[in-house]
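Peer 1: Sharing a structure here in structure tokens format.
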Amino acid sequence: MLTTLQTTYTDTRAADLAWALGRDRLPALAVLNLELAGAKLELRLLGASHQVLLEEGGVLCSETVACMPGSRTPLPLGVAKRMGDWDYEFAARVETLSQGSFAGRAQELLALVADHPNGLAGTFPGSPYAFTAMLAQRHEGQVRWRTWHAYPQEGQLVATRTRVGERPGVPTGAPEPAAQ
């Protein structure tokens with residue numbers, strides 16, 4: 001689903017993005033509710049940022065990547081956390097592209113997400129390449145999502161990927177391996 005976000009595009013920067021796990025639901029400009037084989041997933045566009053809410057088998061996960069005033073947690077390159085019987089993994093990277101490469105990559109990503117049944121993208125008025133896009137899937141018992149945050153004024157694209165699910169090779173409820 002592709003939508004034009006009804007908000008003013010502010011000159012935010014990729015470097016201003018922060019990451020948080022466990023935040024309460026924030027006001028959203030666009031929302032896509034999904035059910036992926038028993039997992040309830042809510043993709044939320046918060047302007048130049050995102051929030052994903054996942055609920056499955058009593059496990060609740062809230063991931064936020066946004067410009068959060070007062071946040072002391074910058075966007076990390078990677079995070080791995082244990083949540084009960086589930087693992088949470090997050091990774092982010094910032095790509096700096098030339099103007100021509102940026103426009104081509106933006107068009108490619110918007111086309112990928114716009115018509116995907118598990119995709120949500122929002123563009124900002126005034127710049128066709130200022131957008132936030134999200135794409136979710138379920139694969140081998142895990143819920144995964146990818147996001148892209150585009151900053152055309154900087155030629156930067158922030159890409160994130162997240163995986164939440166059972167620890168590979170360890171059935172739910174099994175004891176954790178002993179530390180060596």
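Simple scheme: letters A, B, ... for chains in structure tokens order, numbers from 1 for residues in each chain, numbers from 1 for ligands in the order shown.
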Need to verify the contact set: Arg25 (chain A), 8 Å, only C-alpha atoms, exclusion of same-chain residues closer than 4 positions in sequence. Can you return it as a list in words?
Peer 2: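 The neighbour list is Gln51, Leu53 and Ser62 of chain A.
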Peer 1: Where in region 37-176 of chain A does DSSP assign alpha helix (DSSP H), given as a compact mmCIF listing (two decimals) with N, CA, C and O atoms, in the first residue's frame?
Peer 2:
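The resulting file, out-v5.txt, is shown below:
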```txt
# COMPACT_ATOMS: atom_id res chain seq x y z
N GLN A 99 22.89 11.60 -6.33
CA GLN A 99 21.52 12.02 -6.61
C GLN A 99 20.82 11.06 -7.58
O GLN A 99 19.69 10.65 -7.36
N GLY A 100 21.49 10.68 -8.66
CA GLY A 100 20.91 9.77 -9.64
C GLY A 100 20.67 8.38 -9.06
O GLY A 100 19.63 7.76 -9.29
N SER A 101 21.65 7.87 -8.32
CA SER A 101 21.49 6.56 -7.70
C SER A 101 20.39 6.57 -6.65
O SER A 101 19.64 5.61 -6.53
N PHE A 102 20.30 7.67 -5.92
CA PHE A 102 19.26 7.78 -4.89
C PHE A 102 17.88 7.72 -5.53
O PHE A 102 17.01 6.97 -5.06
N ALA A 103 17.67 8.47 -6.59
CA ALA A 103 16.35 8.49 -7.26
C ALA A 103 15.99 7.10 -7.77
O ALA A 103 14.86 6.63 -7.60
N GLY A 104 16.95 6.41 -8.39
CA GLY A 104 16.70 5.06 -8.90
C GLY A 104 16.37 4.08 -7.79
O GLY A 104 15.45 3.28 -7.90
N ARG A 105 17.13 4.13 -6.70
CA ARG A 105 16.89 3.23 -5.56
C ARG A 105 15.54 3.53 -4.91
O ARG A 105 14.81 2.61 -4.54
N ALA A 106 15.19 4.82 -4.81
CA ALA A 106 13.89 5.20 -4.23
C ALA A 106 12.75 4.64 -5.06
O ALA A 106 11.79 4.06 -4.52
N GLN A 107 12.82 4.79 -6.37
CA GLN A 107 11.77 4.26 -7.24
C GLN A 107 11.67 2.75 -7.13
O GLN A 107 10.57 2.20 -7.08
N GLU A 108 12.80 2.07 -7.05
CA GLU A 108 12.83 0.61 -6.94
C GLU A 108 12.15 0.15 -5.63
O GLU A 108 11.34 -0.76 -5.63
N LEU A 109 12.47 0.81 -4.52
CA LEU A 109 11.91 0.42 -3.23
C LEU A 109 10.41 0.72 -3.15
O LEU A 109 9.63 -0.10 -2.65
N LEU A 110 10.01 1.88 -3.66
CA LEU A 110 8.58 2.22 -3.63
C LEU A 110 7.78 1.24 -4.49
O LEU A 110 6.69 0.83 -4.10
N ALA A 111 8.32 0.85 -5.63
CA ALA A 111 7.63 -0.13 -6.49
C ALA A 111 7.54 -1.49 -5.79
O ALA A 111 6.50 -2.16 -5.86
N LEU A 112 8.59 -1.90 -5.09
CA LEU A 112 8.60 -3.17 -4.37
C LEU A 112 7.51 -3.20 -3.29
O LEU A 112 6.77 -4.17 -3.17
N VAL A 113 7.39 -2.14 -2.54
CA VAL A 113 6.49 -2.11 -1.39
C VAL A 113 5.06 -1.76 -1.76
O VAL A 113 4.11 -2.30 -1.18
N ALA A 114 4.87 -0.87 -2.72
CA ALA A 114 3.54 -0.32 -3.03
C ALA A 114 2.49 -1.39 -3.31
O ALA A 114 1.35 -1.29 -2.83
```
Peer 1: Find the spatial neighbours of region 122-125 of chain A, counting only C-alpha atoms, within a cut-off of 7 Å - ignore same-chain residues fewer than 4 positions away - and output them as a VMD selection string.
Peer 2: chain A and resid 2 to 5 8 to 9 130 to 133
Peer 1: Could you tell me which of A:Arg144, A:Arg82, A:His149, A:Arg23 comes closest to Met68 (chain A) if we count only C-alpha atoms?
Peer 2: A:Arg23
